[in-house]
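Colleague: This is the content of upload.txt (compact mmCIF, C-alpha atoms):
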# COMPACT_ATOMS: atom_id res chain seq x y z
CA MET A 440 -206.53 30.46 170.90
CA ARG A 441 -204.03 31.51 173.54
CA ARG A 442 -200.34 30.72 173.06
CA SER A 443 -198.73 28.98 176.04
CA ARG A 444 -196.47 31.30 178.03
CA PRO A 445 -192.70 30.97 178.37
CA ILE A 446 -191.25 29.71 181.65
CA HIS A 447 -188.74 32.58 181.55
CA PRO A 448 -189.90 35.77 179.83
CA LEU A 449 -187.51 37.25 177.26
CA PRO A 450 -186.38 40.25 179.39
CA LEU A 451 -185.45 37.88 182.21
CA ARG A 452 -183.40 35.65 179.90
CA ILE A 453 -181.52 38.60 178.39
CA MET A 454 -180.76 40.04 181.82
CA HIS A 455 -179.74 36.62 183.17
CA TRP A 456 -177.05 36.12 180.53
CA LEU A 457 -175.83 39.72 180.58
CA ASN A 458 -175.50 39.31 184.34
CA ALA A 459 -173.56 36.06 183.86
CA VAL A 460 -171.05 37.86 181.62
CA ALA A 461 -170.71 40.75 184.09
CA ILE A 462 -170.39 38.54 187.20
CA ILE A 463 -167.77 36.23 185.67
CA THR A 464 -165.73 39.19 184.42
CA LEU A 465 -165.98 40.94 187.78
CA ILE A 466 -165.03 37.89 189.85
CA GLY A 467 -162.15 36.90 187.56
CA SER A 468 -160.69 40.40 187.40
CA GLY A 469 -161.41 40.94 191.11
CA TRP A 470 -159.25 37.90 191.92
CA GLU A 471 -156.38 39.42 189.93
CA ILE A 472 -156.81 42.72 191.82
CA TYR A 473 -156.87 40.84 195.15
CA ASP A 474 -153.63 39.09 194.18
CA ALA A 475 -151.82 42.45 193.94
CA SER A 476 -152.12 42.77 197.72
CA PRO A 477 -153.65 39.66 199.34
CA PHE A 478 -154.90 40.02 202.91
CA LEU A 479 -155.39 36.29 203.45
CA PRO A 480 -152.58 33.72 203.27
CA PHE A 481 -153.41 32.71 199.71
CA ALA A 482 -153.59 34.10 196.20
CA PHE A 483 -155.71 33.04 193.24
CA PRO A 484 -153.79 31.14 190.57
CA GLN A 485 -153.14 33.25 187.48
CA TRP A 486 -155.03 30.90 185.17
CA VAL A 487 -158.39 31.56 186.86
CA THR A 488 -158.02 35.35 186.83
CA ILE A 489 -158.98 37.84 184.13
CA GLY A 490 -156.80 40.72 182.94
CA GLN A 491 -153.27 39.23 182.99
CA TRP A 492 -151.93 41.97 185.28
CA LEU A 493 -153.28 44.54 187.76
CA GLY A 494 -153.80 47.30 185.16
CA GLY A 495 -155.70 44.98 182.80
CA ALA A 496 -157.75 43.54 185.67
CA ILE A 497 -158.80 46.97 186.97
CA ALA A 498 -159.73 48.05 183.43
CA TRP A 499 -161.96 44.98 183.02
CA HIS A 500 -163.39 45.32 186.54
CA LEU A 501 -164.37 48.97 186.12
CA ALA A 502 -165.80 48.31 182.66
CA ALA A 503 -167.89 45.27 183.69
CA ILE A 504 -169.26 47.04 186.76
CA TRP A 505 -171.31 49.33 184.49
CA LEU A 506 -172.92 46.32 182.85
CA LEU A 507 -173.65 44.80 186.27
CA MET A 508 -175.11 48.00 187.70
CA LEU A 509 -177.25 48.97 184.68
CA ASN A 510 -178.43 45.39 184.12
CA GLY A 511 -179.04 44.93 187.86
CA LEU A 512 -181.05 48.13 188.04
CA ALA A 513 -183.12 47.05 185.01
CA TYR A 514 -183.72 43.67 186.70
CA LEU A 515 -184.88 45.22 189.98
CA VAL A 516 -187.22 47.67 188.21
CA TRP A 517 -188.57 44.92 185.95
CA GLY A 518 -188.90 42.48 188.87
CA VAL A 519 -191.03 44.89 190.87
CA ALA A 520 -193.03 46.35 187.96
CA SER A 521 -193.86 43.00 186.36
CA GLY A 522 -194.75 41.36 189.67
CA HIS A 523 -192.00 38.76 189.13
CA PHE A 524 -190.63 39.15 192.65
CA ARG A 525 -194.07 39.06 194.28
CA ARG A 526 -195.34 36.06 192.33
CA LYS A 527 -192.24 33.88 192.13
CA MET A 528 -189.94 34.81 195.01
CA LEU A 529 -192.45 35.32 197.82
CA PRO A 530 -193.24 34.03 200.32
CA VAL A 531 -190.13 32.32 201.70
CA THR A 532 -190.93 30.58 204.99
CA PRO A 533 -188.26 28.92 207.17
CA ARG A 534 -190.37 25.78 207.25
CA ALA A 535 -190.48 25.53 203.45
CA VAL A 536 -186.75 26.25 203.22
CA LEU A 537 -185.92 23.44 205.67
CA ARG A 538 -188.27 21.03 203.90
CA ASP A 539 -186.90 21.78 200.43
CA THR A 540 -183.26 21.84 201.57
CA TRP A 541 -183.64 18.39 203.07
CA ALA A 542 -185.36 17.12 199.95
CA ALA A 543 -182.59 18.59 197.78
CA LEU A 544 -179.86 17.00 199.89
CA CYS A 545 -181.60 13.63 199.51
CA LEU A 546 -181.83 14.35 195.78
CA ARG A 547 -185.59 14.09 196.11
CA LEU A 548 -186.53 17.69 195.43
CA PRO A 549 -189.12 17.62 192.66
CA HIS A 550 -188.74 20.29 190.00
CA GLU A 551 -192.04 21.98 189.26
CA VAL A 552 -191.89 23.72 185.91
CA GLY A 553 -192.24 27.47 186.31
CA VAL A 554 -192.23 27.43 190.12
CA TYR A 555 -189.25 28.37 192.28
CA ASN A 556 -188.91 26.04 195.28
CA ALA A 557 -188.07 27.50 198.69
CA VAL A 558 -184.33 26.83 198.32
CA GLN A 559 -184.29 28.67 195.02
CA ARG A 560 -186.26 31.57 196.46
CA LEU A 561 -183.88 31.94 199.38
CA LEU A 562 -180.82 31.68 197.12
CA TYR A 563 -182.14 34.19 194.58
CA LEU A 564 -183.14 36.74 197.21
CA GLY A 565 -179.84 36.14 199.03
CA VAL A 566 -177.71 36.65 195.94
CA ILE A 567 -179.57 39.88 195.10
CA ALA A 568 -178.70 41.14 198.60
CA LEU A 569 -175.08 40.01 198.15
CA GLY A 570 -174.94 41.79 194.80
CA LEU A 571 -176.09 45.02 196.43
CA LEU A 572 -173.53 44.54 199.21
CA ALA A 573 -170.77 43.91 196.64
CA VAL A 574 -171.65 47.07 194.70
CA LEU A 575 -171.83 49.29 197.80
CA SER A 576 -168.62 47.93 199.37
CA GLY A 577 -166.93 48.13 195.97
CA LEU A 578 -167.86 51.81 195.71
CA ALA A 579 -166.42 52.30 199.21
CA VAL A 580 -163.10 50.71 198.13
CA TRP A 581 -163.10 52.71 194.88
CA LYS A 582 -163.70 56.14 196.48
CA PRO A 583 -162.89 56.16 200.22
CA VAL A 584 -162.48 59.96 200.11
CA GLN A 585 -165.31 61.18 197.86
CA LEU A 586 -167.74 58.47 199.08
CA TRP A 587 -166.52 58.71 202.68
CA PHE A 588 -170.00 57.93 204.05
CA LEU A 589 -169.91 54.51 202.36
CA SER A 590 -166.35 53.97 203.54
CA ASP A 591 -167.42 54.83 207.10
CA LEU A 592 -170.46 52.57 206.79
CA PHE A 593 -168.22 49.56 206.14
CA GLY A 594 -165.67 50.56 208.80
CA GLY A 595 -163.00 52.22 206.66
CA PHE A 596 -160.89 51.33 203.63
CA PHE A 597 -159.52 47.97 204.75
CA ASP A 598 -162.81 46.70 206.19
CA SER A 599 -164.54 47.70 202.95
CA ARG A 600 -162.07 45.46 201.10
CA VAL A 601 -162.92 42.59 203.46
CA VAL A 602 -166.70 43.12 203.07
CA HIS A 603 -166.24 43.26 199.29
CA PHE A 604 -164.30 39.98 199.42
CA VAL A 605 -166.96 38.31 201.62
CA ALA A 606 -169.70 39.43 199.20
CA MET A 607 -167.67 37.92 196.34
CA ALA A 608 -167.23 34.67 198.30
CA GLY A 609 -171.00 34.52 198.94
CA ILE A 610 -171.80 35.09 195.27
CA SER A 611 -169.25 32.42 194.31
CA LEU A 612 -170.91 29.94 196.69
CA PHE A 613 -174.26 30.81 195.14
CA LEU A 614 -172.82 30.10 191.68
CA ILE A 615 -171.57 26.69 192.79
CA VAL A 616 -174.98 25.72 194.20
CA HIS A 617 -176.77 27.30 191.22
CA ILE A 618 -174.72 25.30 188.73
CA LEU A 619 -175.02 22.11 190.83
CA LEU A 620 -178.81 22.44 190.82
CA VAL A 621 -178.79 22.90 187.04
CA ALA A 622 -176.57 19.82 186.74
CA LEU A 623 -179.13 17.85 188.79
CA VAL A 624 -182.02 19.01 186.59
CA PRO A 625 -180.33 19.70 183.24
CA ARG A 626 -183.61 20.24 181.37
CA VAL A 627 -183.95 23.68 183.02
CA LEU A 628 -180.96 24.99 181.06
CA PRO A 629 -182.51 25.17 177.55
CA ALA A 630 -185.49 27.06 179.01
CA MET A 631 -183.18 29.85 180.16
CA ILE A 632 -182.07 30.21 176.53
CA THR A 633 -185.25 29.59 174.51
CA GLY A 634 -187.75 30.53 177.19
CA GLY A 635 -189.43 27.13 177.27
CA ARG A 636 -193.19 26.72 177.49
CA LEU A 637 -195.33 26.48 180.61
CA PRO A 638 -197.82 23.60 180.51
CA GLU A 639 -201.38 24.90 180.06
CA THR A 640 -202.35 23.67 183.53
CA ALA A 641 -199.57 25.49 185.32
CA HIS A 642 -200.88 28.03 187.77
CA ALA A 643 -197.66 30.02 187.86
CA GLU A 644 -197.19 33.06 185.67
CA MET B 677 -160.81 64.47 178.72
CA SER B 678 -159.16 61.87 176.58
CA ASN B 679 -157.25 58.97 177.95
CA ASN B 680 -154.47 57.60 175.82
CA LEU B 681 -154.01 54.11 177.08
CA ASN B 682 -151.02 52.68 175.37
CA ARG B 683 -152.51 50.26 172.93
CA ARG B 684 -149.57 47.90 172.80
CA ALA B 685 -148.94 47.80 176.52
CA LEU B 686 -152.53 47.15 177.52
CA LEU B 687 -153.05 44.79 174.65
CA GLY B 688 -149.96 42.79 175.36
CA ARG B 689 -150.79 42.44 179.00
CA SER B 690 -154.54 42.18 179.15
CA LEU B 691 -155.08 39.36 176.72
CA ALA B 692 -153.42 35.98 176.80
CA PHE B 693 -152.73 35.79 173.08
CA GLY B 694 -151.69 39.42 173.10
CA ALA B 695 -149.10 38.59 175.74
CA ALA B 696 -147.89 35.67 173.67
CA ALA B 697 -147.65 37.86 170.59
CA SER B 698 -145.63 40.48 172.47
CA LEU B 699 -142.83 37.95 172.86
CA THR B 700 -142.46 37.78 169.10
CA GLY B 701 -142.74 41.53 168.66
CA CYS B 702 -145.31 41.43 165.86
CA ASP B 703 -147.44 44.32 164.76
CA TYR B 704 -150.60 44.07 166.84
CA ASP B 705 -152.47 46.51 164.66
CA ASN B 706 -153.27 43.69 162.26
CA LEU B 707 -154.94 41.61 164.97
CA LYS B 708 -158.58 42.62 164.81
CA HIS B 709 -159.77 40.93 167.97
CA PRO B 710 -157.35 42.35 170.56
CA ASP B 711 -157.79 45.85 169.12
CA LEU B 712 -161.48 45.60 169.85
CA ALA B 713 -161.00 44.63 173.51
CA ASP B 714 -158.30 47.24 173.86
CA ASP B 715 -160.40 50.02 172.36
CA PHE B 716 -163.31 49.00 174.54
CA LEU B 717 -161.24 49.15 177.74
CA ARG B 718 -159.78 52.50 176.72
CA LEU B 719 -163.26 53.85 176.04
CA MET B 720 -164.53 52.66 179.44
CA SER B 721 -161.47 54.06 181.23
CA GLY B 722 -162.15 57.43 179.58
CA TRP B 723 -165.77 57.26 180.73
CA ASN B 724 -164.57 56.41 184.25
CA ASN B 725 -162.36 59.53 184.13
CA GLU B 726 -165.45 61.63 183.41
CA VAL B 727 -167.43 59.98 186.21
CA GLN B 728 -164.62 60.57 188.72
CA ALA B 729 -164.25 64.22 187.66
CA ALA B 730 -168.01 64.69 188.18
CA LEU B 731 -167.81 62.95 191.56
CA PHE B 732 -164.82 65.01 192.69
CA ASP B 733 -165.62 67.76 195.18
CA ARG B 734 -162.81 70.18 195.96
CA HIS B 735 -164.26 70.74 199.42
CA THR B 736 -164.28 67.06 200.39
CA LEU B 737 -161.14 66.50 202.43
CA ALA B 738 -159.23 63.26 202.67
CA PRO B 739 -159.28 61.92 206.26
CA THR B 740 -156.43 62.96 208.54
CA PHE B 741 -154.90 60.81 211.28
CA PRO B 742 -153.17 61.20 214.64
CA ALA B 743 -149.37 60.92 214.76
CA SER B 744 -149.75 57.53 216.47
CA ALA B 745 -151.27 56.15 213.25
CA ILE B 746 -148.15 56.87 211.16
CA THR B 747 -146.76 53.73 209.53
CA ARG B 748 -143.23 52.94 210.72
CA PRO B 749 -140.94 52.14 209.12
CA PRO B 750 -142.26 53.92 206.02
CA ARG B 751 -142.88 51.76 202.97
CA PHE B 752 -140.79 52.39 199.86
CA ASN B 753 -142.45 51.76 196.51
CA ALA B 754 -141.35 52.52 192.94
CA PHE B 755 -140.87 50.77 189.62
CA TYR B 756 -137.26 50.07 190.69
CA GLY B 757 -135.44 48.96 193.85
CA ILE B 758 -134.78 51.28 196.77
CA ASP B 759 -131.04 51.55 195.99
CA GLN B 760 -131.82 52.76 192.46
CA ALA B 761 -133.69 55.87 193.64
CA PRO B 762 -132.30 58.96 191.89
CA ARG B 763 -129.80 61.07 193.87
CA VAL B 764 -130.57 64.68 193.07
CA ASP B 765 -127.83 67.27 193.63
CA LEU B 766 -129.65 69.78 195.83
CA ALA B 767 -127.16 72.57 194.98
CA THR B 768 -127.90 72.48 191.25
CA TRP B 769 -131.50 71.23 191.42
CA ARG B 770 -134.11 73.58 189.96
CA LEU B 771 -137.83 73.15 189.48
CA ALA B 772 -138.40 74.00 185.83
CA LEU B 773 -141.79 75.48 184.86
CA THR B 774 -143.39 74.91 181.45
CA GLY B 775 -146.60 75.64 179.59
CA ARG B 776 -149.37 78.02 180.58
CA ILE B 777 -147.47 79.73 183.40
CA GLY B 778 -146.87 83.50 183.54
CA ASP B 779 -143.59 83.46 185.45
CA LYS B 780 -141.46 80.55 184.21
CA ARG B 781 -138.37 81.39 186.25
CA PRO B 782 -136.97 78.09 187.67
CA TRP B 783 -137.27 77.61 191.44
CA ARG B 784 -134.52 76.70 193.91
CA LEU B 785 -135.25 74.54 196.94
CA ALA B 786 -134.64 77.39 199.41
CA GLU B 787 -137.20 79.53 197.57
CA LEU B 788 -139.82 76.79 197.88
CA ARG B 789 -139.04 76.51 201.59
CA ALA B 790 -139.64 80.26 201.97
CA LEU B 791 -143.27 79.84 200.79
CA PRO B 792 -146.09 79.04 203.27
CA GLN B 793 -145.95 75.37 204.33
CA GLU B 794 -148.80 73.00 205.15
CA SER B 795 -148.45 69.80 207.18
CA GLN B 796 -150.71 66.78 206.90
CA ILE B 797 -150.96 63.27 208.29
CA THR B 798 -152.86 61.44 205.60
CA ARG B 799 -153.36 57.99 204.19
CA PHE B 800 -151.55 56.89 201.05
CA ILE B 801 -153.56 54.23 199.20
CA CYS B 802 -151.76 52.21 196.55
CA VAL B 803 -153.64 50.94 193.50
CA GLU B 804 -152.46 47.48 194.61
CA GLY B 805 -154.74 47.71 197.65
CA TRP B 806 -152.34 48.40 200.53
CA ARG B 807 -152.24 51.68 202.43
CA VAL B 808 -149.88 53.51 204.76
CA VAL B 809 -150.22 56.65 206.86
CA GLY B 810 -147.50 59.29 206.69
CA GLN B 811 -146.78 62.89 207.54
CA TRP B 812 -145.85 65.23 204.74
CA SER B 813 -145.42 69.00 204.68
CA GLY B 814 -144.77 71.46 201.90
CA VAL B 815 -146.25 74.15 199.69
CA PRO B 816 -149.94 73.86 198.74
CA LEU B 817 -149.90 73.38 194.96
CA GLY B 818 -152.79 75.83 194.54
CA HIS B 819 -150.75 78.51 196.31
CA PHE B 820 -147.73 77.79 194.13
CA LEU B 821 -149.75 77.85 190.90
CA ARG B 822 -151.23 81.26 191.80
CA ARG B 823 -147.79 82.53 192.81
CA VAL B 824 -146.28 81.73 189.41
CA ASN B 825 -149.35 83.13 187.67
CA ALA B 826 -150.41 79.82 186.14
CA ASP B 827 -153.53 79.53 183.98
CA LEU B 828 -155.94 78.02 186.54
CA LYS B 829 -158.48 77.42 183.78
CA ALA B 830 -156.12 75.00 182.03
CA HIS B 831 -157.04 71.30 182.23
CA TYR B 832 -153.89 69.61 183.45
CA VAL B 833 -150.86 69.99 185.69
CA SER B 834 -147.99 67.74 184.61
CA PHE B 835 -144.88 66.55 186.45
CA HIS B 836 -141.58 65.16 185.19
CA CYS B 837 -139.25 63.37 187.59
CA ALA B 838 -135.52 62.76 187.96
CA ASP B 839 -136.09 59.00 187.50
CA GLY B 840 -137.94 59.36 184.19
CA TYR B 841 -141.34 58.94 185.82
CA TYR B 842 -144.02 61.37 184.72
CA GLU B 843 -147.56 62.10 185.83
CA SER B 844 -150.42 64.54 185.38
CA ILE B 845 -153.51 65.55 187.33
CA ASP B 846 -156.67 67.53 186.64
CA MET B 847 -156.71 71.21 187.67
CA ALA B 848 -159.61 70.74 190.13
CA SER B 849 -157.58 68.17 192.10
CA ALA B 850 -154.47 70.37 191.84
CA LEU B 851 -156.34 73.17 193.62
CA GLN B 852 -157.73 70.94 196.40
CA PRO B 853 -156.21 72.33 199.62
CA GLN B 854 -154.54 69.05 200.65
CA THR B 855 -152.60 68.78 197.38
CA ILE B 856 -149.06 69.88 198.24
CA LEU B 857 -145.58 70.03 196.78
CA ALA B 858 -144.10 68.08 199.70
CA LEU B 859 -140.58 68.95 200.90
CA ASP B 860 -140.61 67.11 204.24
CA PHE B 861 -141.60 63.59 205.19
CA LEU B 862 -141.95 62.50 208.85
CA GLY B 863 -140.61 65.86 210.03
CA ALA B 864 -137.36 65.85 208.04
CA PRO B 865 -136.43 66.79 204.46
CA LEU B 866 -137.41 64.12 201.95
CA THR B 867 -134.76 61.45 201.39
CA ALA B 868 -133.94 60.07 197.94
CA PRO B 869 -136.19 56.95 198.07
CA PHE B 870 -139.16 59.04 199.21
CA GLY B 871 -138.88 61.70 196.54
CA ALA B 872 -136.15 64.24 197.44
CA PRO B 873 -136.17 67.11 197.03
CA VAL B 874 -139.83 67.66 196.04
CA ARG B 875 -142.70 65.27 195.47
CA LEU B 876 -146.38 65.69 194.88
CA ARG B 877 -148.53 64.60 197.79
CA ILE B 878 -152.16 64.31 196.78
CA PRO B 879 -154.27 62.32 199.28
CA THR B 880 -157.38 62.48 197.05
CA LYS B 881 -155.67 60.25 194.50
CA LEU B 882 -154.02 56.82 194.39
CA GLY B 883 -150.32 56.37 195.08
CA TYR B 884 -149.11 56.38 191.47
CA LYS B 885 -150.50 59.93 191.14
CA ASN B 886 -147.89 61.13 193.72
CA PRO B 887 -144.73 61.60 191.60
CA LYS B 888 -141.37 61.87 193.39
CA SER B 889 -138.16 63.86 192.75
CA ILE B 890 -139.93 66.35 190.50
CA VAL B 891 -137.71 68.34 188.13
CA ALA B 892 -140.36 70.02 185.95
CA LEU B 893 -143.93 71.19 186.48
CA GLY B 894 -146.16 72.16 183.57
CA VAL B 895 -149.65 73.57 183.06
CA THR B 896 -151.27 72.49 179.83
CA ASN B 897 -154.44 71.75 177.92
CA THR B 898 -152.80 68.90 176.03
CA PHE B 899 -153.36 65.57 177.76
CA PRO B 900 -149.98 64.60 179.27
CA SER B 901 -150.94 61.07 180.49
CA GLY B 902 -148.52 59.32 182.86
CA TYR B 903 -146.01 56.49 183.27
CA TRP B 904 -148.50 53.85 184.44
CA GLU B 905 -151.43 55.27 182.51
CA ARG B 906 -149.52 54.54 179.30
CA GLN B 907 -149.57 50.90 180.36
CA GLY B 908 -153.26 50.80 181.19
CA TYR B 909 -153.93 52.34 184.60
CA ASN B 910 -156.84 54.72 184.82
CA TRP B 911 -155.74 58.33 184.43
CA PHE B 912 -157.95 60.11 186.99
CA GLY B 913 -156.92 57.63 189.71
CA GLY B 914 -159.17 59.30 192.27
CA SER B 915 -159.62 58.11 195.82
Show me the file's structure as structure tokens.
Modeller:
Amino acid sequence: MRRSRPIHPLPLRIMHWLNAVAIITLIGSGWEIYDASPFLPFAFPQWVTIGQWLGGAIAWHLAAIWLLMLNGLAYLVWGVASGHFRRKMLPVTPRAVLRDTWAALCLRLPHEVGVYNAVQRLLYLGVIALGLLAVLSGLAVWKPVQLWFLSDLFGGFFDSRVVHFVAMAGISLFLIVHILLVALVPRVLPAMITGGRLPETAHAE
Amino acid sequence: MSNNLNRRALLGRSLAFGAAASLTGCDYDNLKHPDLADDFLRLMSGWNNEVQAALFDRHTLAPTFPASAITRPPRFNAFYGIDQAPRVDLATWRLALTGRIGDKRPWRLAELRALPQESQITRFICVEGWRVVGQWSGVPLGHFLRRVNADLKAHYVSFHCADGYYESIDMASALQPQTILALDFLGAPLTAPFGAPVRLRIPTKLGYKNPKSIVALGVTNTFPSGYWERQGYNWFGGS
């Protein structure tokens, strides 16, 4: 007799939560770093930042980045090798995105267990792209001399800072939507911890 | 390369309860939890030193700029106010040499001016995120180190300053051609707030790695750390 399969395989769950730790640490410490020399007319309040002061924030930022990069690399390799991206993220058609976005806004988007709807697919692919952009622009800010080609790619030191900030803002928006969607369908949360079980009839992997 | 982050400073400032504890002046060594975070950050900062050293290429030059790009007025920055900058008596000032150096005879300013000078218009990037462009000229540090018969295989070059600031850099960065013992800033001798009479100008590193008003230069294999590094900044501080 065949055991029913988990909605989220174990490697995915481990990488999801490691990524959550890395992203929250990076955003919180990044806000503290931004505050040392803001280029927009606002600063992040101290209580939402991580690291207490610039030196602590940079130490956390440059420690957490290794977790993000190694975990992100493992995720990309696993996603391609296991067929996860092909089976669950693709295709994403504009028509399906519009349909599902409208349904979500009307709070009528049905949740199919084990299947990513078009809004989810677009968001997940988008946040992967934003993550890559954040890493590359972050490297450009970190080493404008040694990694001059990256610095040039983003238009120099200051523009790299701006791109890095925009990538952070995009990822933060994703997190808001991501958490809102979970709040709308709270039963998806335990599955990301225990794995959950796909119903036998489900066609998805 | 080891990196001696000051446990108490980083601890007290990087963790909320550590900061609270610092007000009471207790012995942090008994607090298990903050030690763990502190040791972890120190370990990662040491690893990041290694990565930056591996990434460093002596032949990669920092970008240079036209005179029109120079930031005016220049921006003063230190751990004290501009009127507290040390006033060095140029007549009695000497650059003391210590450590693994063959000829330790102290140097006068006029002797440094008699050495070959290099001029550069480069960008100064502060760890805080802002940057300015300035023109500095002075003696290439690599030339000076060879001149005084320093051990170029040693790991570190250290600097002590008239204001109590201290810094150190890796030998590879010290020998990069744009690393200079700057004597002039914007075409005139350095003024007190900008590091008179001699400062290190190293455009391949962040601002805090550019010590001002140097009074002693050393070559050593013992990790000398630095003023901000003791409080938690990364030691390599590469750009």
Colleague: Of the candidates A:Leu457, A:Leu589, A:Ile497, A:Val552, which shows the shortest atom-to-atom distance to Ala630 of chain A, using only C-alpha atoms?
Modeller: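 Among A:Leu457, A:Leu589, A:Ile497, A:Val552, it is A:Val552 that comes nearest to Ala630 of chain A.
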Colleague: Please work out which residues fall within 10 Å of (-151.5, 40.3, 194.8), coordinates as given in the file, with only C-alpha atoms counting, and return them as a list in words.
Modeller: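 Protein and nucleic acid residues near the point are Trp470, Glu471, Ile472, Tyr473, Asp474, Ala475, Ser476, Pro477, Phe478, Phe481, Ala482, Phe483, Trp492 and Leu493 of chain A; Glu804, Gly805 and Trp806 of chain B.
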Colleague: For Asn556 of chain A, which of A:Gln485, A:Gln491, A:Thr532, A:Ser468 is the closest residue, counting only C-alpha atoms?
Modeller: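 That would be A:Thr532, the residue with the smallest distance to Asn556 of chain A.
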Colleague: Please report, as a tab-separated table, each residue of chain B lying at most 8 Å from chain A, together with the nearest pair of atoms and the separation in Å rounded to one decimal; use all atoms listed in the file, and order rows by chain and ascending residue number.
Modeller:
residue	atom	partner	partner_atom	distance
B:Leu686	CA	A:Gly495	CA	6.5
B:Arg689	CA	A:Gln491	CA	5.7
B:Ser690	CA	A:Gly490	CA	4.6
B:Leu691	CA	A:Gln491	CA	6.5
B:Ala692	CA	A:Gln491	CA	7.0
B:Leu717	CA	A:Ala498	CA	6.0
B:Met720	CA	A:Ala502	CA	5.6
B:Ser721	CA	A:Ala498	CA	6.6
B:Asn724	CA	A:Leu501	CA	7.7
B:Leu731	CA	A:Gln585	CA	7.0
B:Phe732	CA	A:Gln585	CA	6.5
B:Asp733	CA	A:Gln585	CA	7.1
B:Thr736	CA	A:Gln585	CA	6.5
B:Leu737	CA	A:Val584	CA	7.1
B:Ala738	CA	A:Val584	CA	5.3
B:Pro739	CA	A:Val584	CA	7.2
B:Glu804	CA	A:Ala475	CA	5.1
B:Gly805	CA	A:Ser476	CA	5.6
B:Trp806	CA	A:Ser476	CA	6.3
B:Thr880	CA	A:Val584	CA	6.5
B:Gln907	CA	A:Gly494	CA	7.3
B:Gly908	CA	A:Gly494	CA	5.3
B:Tyr909	CA	A:Gly494	CA	5.1
B:Asn910	CA	A:Ala498	CA	7.4
B:Gly914	CA	A:Lys582	CA	6.9
B:Ser915	CA	A:Lys582	CA	4.6
Colleague: List the neighbours of segment 444-455 of chain A out to 8 Å using all atoms listed in the file; skip same-chain residues closer than 3 positions along the sequence, and give me the result as an mmCIF file with C-alpha atoms, in the coordinates of the input.
Modeller:
data_model
loop_
_atom_site.group_PDB
_atom_site.id
_atom_site.type_symbol
_atom_site.label_atom_id
_atom_site.label_comp_id
_atom_site.auth_asym_id
_atom_site.auth_seq_id
_atom_site.Cartn_x
_atom_site.Cartn_y
_atom_site.Cartn_z
ATOM 1 C CA ASN A 458 -175.500 39.310 184.340
ATOM 2 C CA ALA A 459 -173.560 36.060 183.860
ATOM 3 C CA ASN A 510 -178.430 45.390 184.120
ATOM 4 C CA GLY A 511 -179.040 44.930 187.860
ATOM 5 C CA TYR A 514 -183.720 43.670 186.700
ATOM 6 C CA VAL A 552 -191.890 23.720 185.910
ATOM 7 C CA GLY A 553 -192.240 27.470 186.310
ATOM 8 C CA ALA A 630 -185.490 27.060 179.010
ATOM 9 C CA MET A 631 -183.180 29.850 180.160
ATOM 10 C CA ILE A 632 -182.070 30.210 176.530
ATOM 11 C CA GLY A 634 -187.750 30.530 177.190
ATOM 12 C CA GLY A 635 -189.430 27.130 177.270
ATOM 13 C CA ARG A 636 -193.190 26.720 177.490
ATOM 14 C CA LEU A 637 -195.330 26.480 180.610
ATOM 15 C CA GLU A 644 -197.190 33.060 185.670
#
Colleague: Enter the distance from atom CA of Arg906 of chain B to atom CA of Ser813 of chain B, in Å, rounded to one decimal.
Modeller: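 If I compute the distance from atom CA of Arg906 of chain B to atom CA of Ser813 of chain B, I get 29.5 Å.
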Colleague: What's around Ala557 of chain A at 7 Å? Count only C-alpha atoms, leave out sequence neighbours fewer than 4 positions away in its own chain, and write the answer as number ranges by chain.
Modeller: A: 531, 535-536, 539, 561
Colleague: Because some atoms of segment 504-512 of chain A are absent here, can you restore N, CA and C atoms and send them as a PDB file, in the coordinates of the input?
Modeller:
ATOM      1  N   ILE A 504    -168.381  46.589 185.683  1.00  0.00           N
ATOM      2  CA  ILE A 504    -169.260  47.040 186.760  1.00  0.00           C
ATOM      3  C   ILE A 504    -170.428  47.844 186.209  1.00  0.00           C
ATOM      4  N   TRP A 505    -170.203  48.565 185.087  1.00  0.00           N
ATOM      5  CA  TRP A 505    -171.310  49.330 184.490  1.00  0.00           C
ATOM      6  C   TRP A 505    -172.378  48.403 183.956  1.00  0.00           C
ATOM      7  N   LEU A 506    -171.950  47.302 183.339  1.00  0.00           N
ATOM      8  CA  LEU A 506    -172.920  46.320 182.850  1.00  0.00           C
ATOM      9  C   LEU A 506    -173.693  45.733 184.023  1.00  0.00           C
ATOM     10  N   LEU A 507    -172.980  45.381 185.097  1.00  0.00           N
ATOM     11  CA  LEU A 507    -173.650  44.800 186.270  1.00  0.00           C
ATOM     12  C   LEU A 507    -174.650  45.779 186.880  1.00  0.00           C
ATOM     13  N   MET A 508    -174.232  47.034 187.032  1.00  0.00           N
ATOM     14  CA  MET A 508    -175.110  48.000 187.700  1.00  0.00           C
ATOM     15  C   MET A 508    -176.326  48.348 186.845  1.00  0.00           C
ATOM     16  N   LEU A 509    -176.120  48.601 185.544  1.00  0.00           N
ATOM     17  CA  LEU A 509    -177.250  48.970 184.680  1.00  0.00           C
ATOM     18  C   LEU A 509    -178.204  47.786 184.518  1.00  0.00           C
ATOM     19  N   ASN A 510    -177.620  46.592 184.286  1.00  0.00           N
ATOM     20  CA  ASN A 510    -178.430  45.390 184.120  1.00  0.00           C
ATOM     21  C   ASN A 510    -179.149  45.059 185.436  1.00  0.00           C
ATOM     22  N   GLY A 511    -178.450  45.216 186.556  1.00  0.00           N
ATOM     23  CA  GLY A 511    -179.040  44.930 187.860  1.00  0.00           C
ATOM     24  C   GLY A 511    -180.187  45.880 188.173  1.00  0.00           C
ATOM     25  N   LEU A 512    -179.997  47.133 187.816  1.00  0.00           N
ATOM     26  CA  LEU A 512    -181.050  48.130 188.040  1.00  0.00           C
ATOM     27  C   LEU A 512    -182.278  47.789 187.184  1.00  0.00           C
TER      28      LEU A 512
END
